[in-house]
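I have placed the structure first, in the form of structure tokens, so that the comments after it can refer back to it.
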Amino acid sequence: MEVGEFVGTKIVLNVVQVLVVLLCAPLIKGVIKRWKAVFQRRRGPSIWQPYYDLWKLFRKGSVIPEDASWIFRLAPYVYFAAPLVVALLIPVLTTFPLFMAFMGDMLGGGFVLGLGGFFLLLAALDTGSAFGGMGANRSRFVAFLAEPVLMLVFFTVSFVAGSTIPYIVNQTLARPDLLLHPSHLLAAIALFMVILAEAGRIPVDNPDSHQELSMIDESRILEFSGRELALVEWGAAMKFFVLLTILLNVLVTPWGLSPDAAWHHVLGAVAVLLGKMLVAAFVIVLIESSYAKLRLLRVAEFLGAAFVLALLAVVSYTLGG
Amino acid sequence: METGLPVRTLLHTLATLTLVTTFALIVARQLLACVEAYAVHSLLLALVAALIGYATGITHLYVLAGVTLAVKTVLIPLLFRWLIHGSVHEKRELQFYVGVPAGLLVCGGLVLLAFYATRPLAAALALPVRPLLEVGMAVFLIGVFVTASRREAVPQVVGLLCAENGVFLAALATAYGLPLLVEFGLFFDLVITVLVMGILVGRMHVLLSTTDTEKLQRLRG
């Protein structure tokens with residue numbers, strides 16, 4: 001096999017990976033909304049509704065506040081691009097590292113996602129409205145509490161696997177004695193709690209409500225409309241999808257990925273990924289239907305508990321038996 | 001002693017779950033949540049004892065697991081519920097000397113301390129039970145912290161019971177359980193403690209209409 005052919009295949013697979021993330025992210029959002037409605041004995045919107053919403057928003061004009069600067073116009077594009085960049089780094093479809101896989105590791109991926117959130121925060125402050133400032137405050141509060149947990153989870157997983165590149169972690173963790181190690185379980189639970197916090201799910205934030213006082217994430221994007229709003233919503237859905245992919249493909253179920261570039265294996269990997277996502281969506285729907293939103297100060301306790309679980313994971317692996 | 005991978009993994013997982021349940025004791029803001037955390041804690045303890053009994057072939061550990069289940073998981077939480085049901089409003093939030101986030105960090109530090117301090121000791125034990133000594137020490141320290149940082153009487157006693165659970169775990173690790181007679185004595189001790197605490201809480205509630213131990217400081221003539 002020529003080198004050029006091999007590299008070309010890897011680039012194509014990378015593009016396919018990004019396309020899968022791009023196109024499947026709103027589906028997960030729609031599925032969660034639909035299943036939550038079914039739990040509440042309503043019919044709920046169609047699972048393709050987020051696509052219709054995006055299509056509608058792209059065709060509408062956008063209204064920009066008078067005092068907004070270039071940051072407000074730039075932020076949606078950065079927020080949209082960040083999860084796509086992270087999608088290049090993580091094992092979505094394949095077990096072998098793709099073309100861009102060594103460009104960054106899990107910490108780099110976390111920082112890129114943080115960059116997107118940071119620009120959105122700046123845009124919220126840029127509008128000069130009170131809700132923007134408040135939303136920016138709260139989302140920063142949640143994010144800075146979630147960050148030590150993320151670090152500890154990445155450290156635990158890297159200790160176990162001997163590397164911070166997600167592809168190598170995925171390959172190393174396919175062994176049962178490492179996967180069932182209690183430190184790994186604790187790290188997975190801690191990461192799941194952080195994902196609930198970062199994606200603005202119950203019990204940290206209510207993703208359905210658009211009332212002012214209960215939103216953390218929604219008030220950041222209050223001033224966007226039209227095409228920018230479509231990009232921001234799509235970016236949020238993709239961020240959620242990417243975080244869940246990291247949880248599922250690296251920590252919880254590192255199997256089912258395609259071992260080579262044959263197209264039927266890749267399609268099978270897409271199906272397996274969607275299946276795993278649907279199971280995760282079901283668990284999230286159960287949590288959202290069972291718990292209420294925490295008060296903002298109690299979110300510190302929630303993330304503190306996640307931090308302690310991650311700490312126990314590290315301690316359990318390095319100092320424990 | 002059987003040291004195969006499933007036994008080792010299961011023991012390590014149970015020990016870690018016990019530690020996580022102990023943290024559930026710290027984040028509990030309501031009386032009943034404390035008691036339920038203790039019940040789950042003791043259930044995991046019974047499972048650990050049974051598993052060690054299976055791995056080593058010592059049969060009195062099965063008896064120990066059964067008695068732990070009966071006394072600590074069923075009887076003592078029932079006693080708690082019966083005693084606090086009439087006299088104290090169960091769902092009231094607890095008050096702390098050290099709040100929940102700070103308490104979580106302190107207990108994280110205590111876990112680190114316990115793990116670090118018992119590591120040279122644990123090296124002398126058989127491979128599967130090593131995590132139990134460390135976890136037992138950590139649970140003991142966290143139980144004592146819970147006793148020290150709560151203002152009401154009931155969580156203070158639950159913290160003491162939890163510390164005793166930690167000592168039980170450590171005993172399982174080092175000596176595969178204390179002699180049955182000693183264990184029965186300890187169980188009886190626990191039941192009497194809970195009963196006495198219940199009477200005390202009842203009297204406190206009648207006299208002071210609260211179980212806040214801070215109010216006990218003034219001597220009344």
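Identifiers in this document derive from the order of the structure tokens: chains are assigned A, B, ..., residues are numbered from 1 separately in each chain, and ligands are numbered from 1 in order of occurrence.
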
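Neighbouring residues of Leu45 (chain B) at 9 Å or closer, counting only C-alpha atoms and skipping chain neighbours under 4 positions away, are Leu14, Ala15, Thr18, Val40, His41, Ala49, Ala50, Ala65, Thr68, Leu69, Asn165, Phe168 and Leu169 of chain B.
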
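Residues with any atom within 8 Å of region 37-54 of chain A, counting only C-alpha atoms and excluding same-chain neighbours fewer than 3 positions away, are Pro26, Leu27, Lys29, Gly30, Val31, Lys33, Arg34, Leu57, Phe58, Ala230, Trp234 and Ser289 of chain A.
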
Write a file of the selected residues as a PDB file, in the first residue's frame, keeping C-alpha atoms.
```
ATOM      1  CA  PRO A  26     -28.988  17.656  16.686  1.00  0.00           C
ATOM      2  CA  LEU A  27     -30.487  14.172  16.455  1.00  0.00           C
ATOM      3  CA  LYS A  29     -30.854  16.603  21.238  1.00  0.00           C
ATOM      4  CA  GLY A  30     -34.141  15.829  19.508  1.00  0.00           C
ATOM      5  CA  VAL A  31     -34.211  12.272  20.853  1.00  0.00           C
ATOM      6  CA  LYS A  33     -36.474  15.987  24.111  1.00  0.00           C
ATOM      7  CA  ARG A  34     -38.812  13.437  22.619  1.00  0.00           C
ATOM      8  CA  LEU A  57     -32.965  29.935  11.745  1.00  0.00           C
ATOM      9  CA  PHE A  58     -30.448  29.905   8.910  1.00  0.00           C
ATOM     10  CA  ALA A 230     -28.382  28.600  14.590  1.00  0.00           C
ATOM     11  CA  TRP A 234     -25.682  23.659  16.691  1.00  0.00           C
ATOM     12  CA  SER A 289     -37.132  13.108  34.759  1.00  0.00           C
TER      13      SER A 289
END
```

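Of the residues under consideration (B:Ala37, B:Leu216, B:Ala171, B:Cys107), B:Cys107 shows the shortest atom-to-atom contact distance to Val146 (chain B) when counting only C-alpha atoms.
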
All residues 8 Å or closer to region 59-68 of chain A, only C-alpha atoms, same chain fewer than 4 positions away omitted, as a VMD selection string: chain A and resid 55 72 126 to 128 223 to 228

Long-range neighbours of Phe96 (chain A) as a ChimeraX atom specification, 10 Å cut-off, only C-alpha atoms, 2 positions minimum in chain: /A:10,91,93-94,98-99,101,167-168,170-171,257-261

Contact residues (chain B, partner chain A, 7 Å, only C-alpha atoms) as number ranges by chain: B: 9, 12-13, 16, 100-101, 104, 108, 112, 115-116, 130-131

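Excluding Arg295 (chain A) itself and same-chain residues fewer than 3 positions from it, the residues having an atom within 10 Å of it are Pro203, Val204, Asp205, Ser214, Ala292, Arg298, Val299 and Ala300 of chain A, counting only C-alpha atoms.
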
With distances taken over only C-alpha atoms, which of A:Leu244, A:Leu121, A:Val20, A:Val266 is nearest to Ala188 (chain A)? A:Leu244

Based on DSSP run over this structure's backbone, return all residues of chain B in helix (DSSP H, G or I), as a count of residues only. 180

Can you tell me which residues surround Ala161 (chain A) at a distance of at most 8 Å, considering only C-alpha atoms, apart from same-chain residues fewer than 6 positions away, and format the answer as a PyMOL selection string? chain A and resi 168-169+172-173

Could those residues be written to a file, using C-alpha atoms, as an mmCIF file, in the first residue's frame?
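Result went into selection21.cif, see below:
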```cif
data_model
loop_
_atom_site.group_PDB
_atom_site.id
_atom_site.type_symbol
_atom_site.label_atom_id
_atom_site.label_comp_id
_atom_site.auth_asym_id
_atom_site.auth_seq_id
_atom_site.Cartn_x
_atom_site.Cartn_y
_atom_site.Cartn_z
ATOM 1 C CA ILE A 168 -4.115 5.192 22.614
ATOM 2 C CA VAL A 169 -6.217 5.342 25.766
ATOM 3 C CA THR A 172 -5.303 0.313 26.051
ATOM 4 C CA LEU A 173 -8.550 0.358 27.955
#
```

The distance between CA of Ser42 (chain B) and CA of Cys162 (chain B) is 8.5 Å

Long-range neighbours of region 276-280 of chain A as a PyMOL selection string, 9 Å cut-off, only C-alpha atoms, 5 positions minimum in chain: chain A and resi 28+31-32+241+244-245+248-249+253+271+285

Could you dump the residues just selected with C-alpha atoms as a PDB file, in the first residue's frame?
```pdb
ATOM      1  CA  ILE A  28     -29.372  13.340  19.996  1.00  0.00           C
ATOM      2  CA  VAL A  31     -34.211  12.272  20.853  1.00  0.00           C
ATOM      3  CA  ILE A  32     -33.664  13.439  24.421  1.00  0.00           C
ATOM      4  CA  PHE A 241     -22.183  15.046  21.418  1.00  0.00           C
ATOM      5  CA  LEU A 244     -20.544  12.086  25.324  1.00  0.00           C
ATOM      6  CA  THR A 245     -18.329  10.528  22.652  1.00  0.00           C
ATOM      7  CA  LEU A 248     -18.426   6.495  25.773  1.00  0.00           C
ATOM      8  CA  ASN A 249     -15.628   5.744  23.366  1.00  0.00           C
ATOM      9  CA  THR A 253     -17.324   1.255  26.220  1.00  0.00           C
ATOM     10  CA  ALA A 271     -24.275   2.609  13.850  1.00  0.00           C
ATOM     11  CA  VAL A 285     -33.623  11.269  30.227  1.00  0.00           C
TER      12      VAL A 285
END
```

In terms of only C-alpha atoms, the residue from B:Gly202, B:Pro128, B:Gly66, B:Pro179 at minimal distance from Trp82 (chain B) is B:Gly202
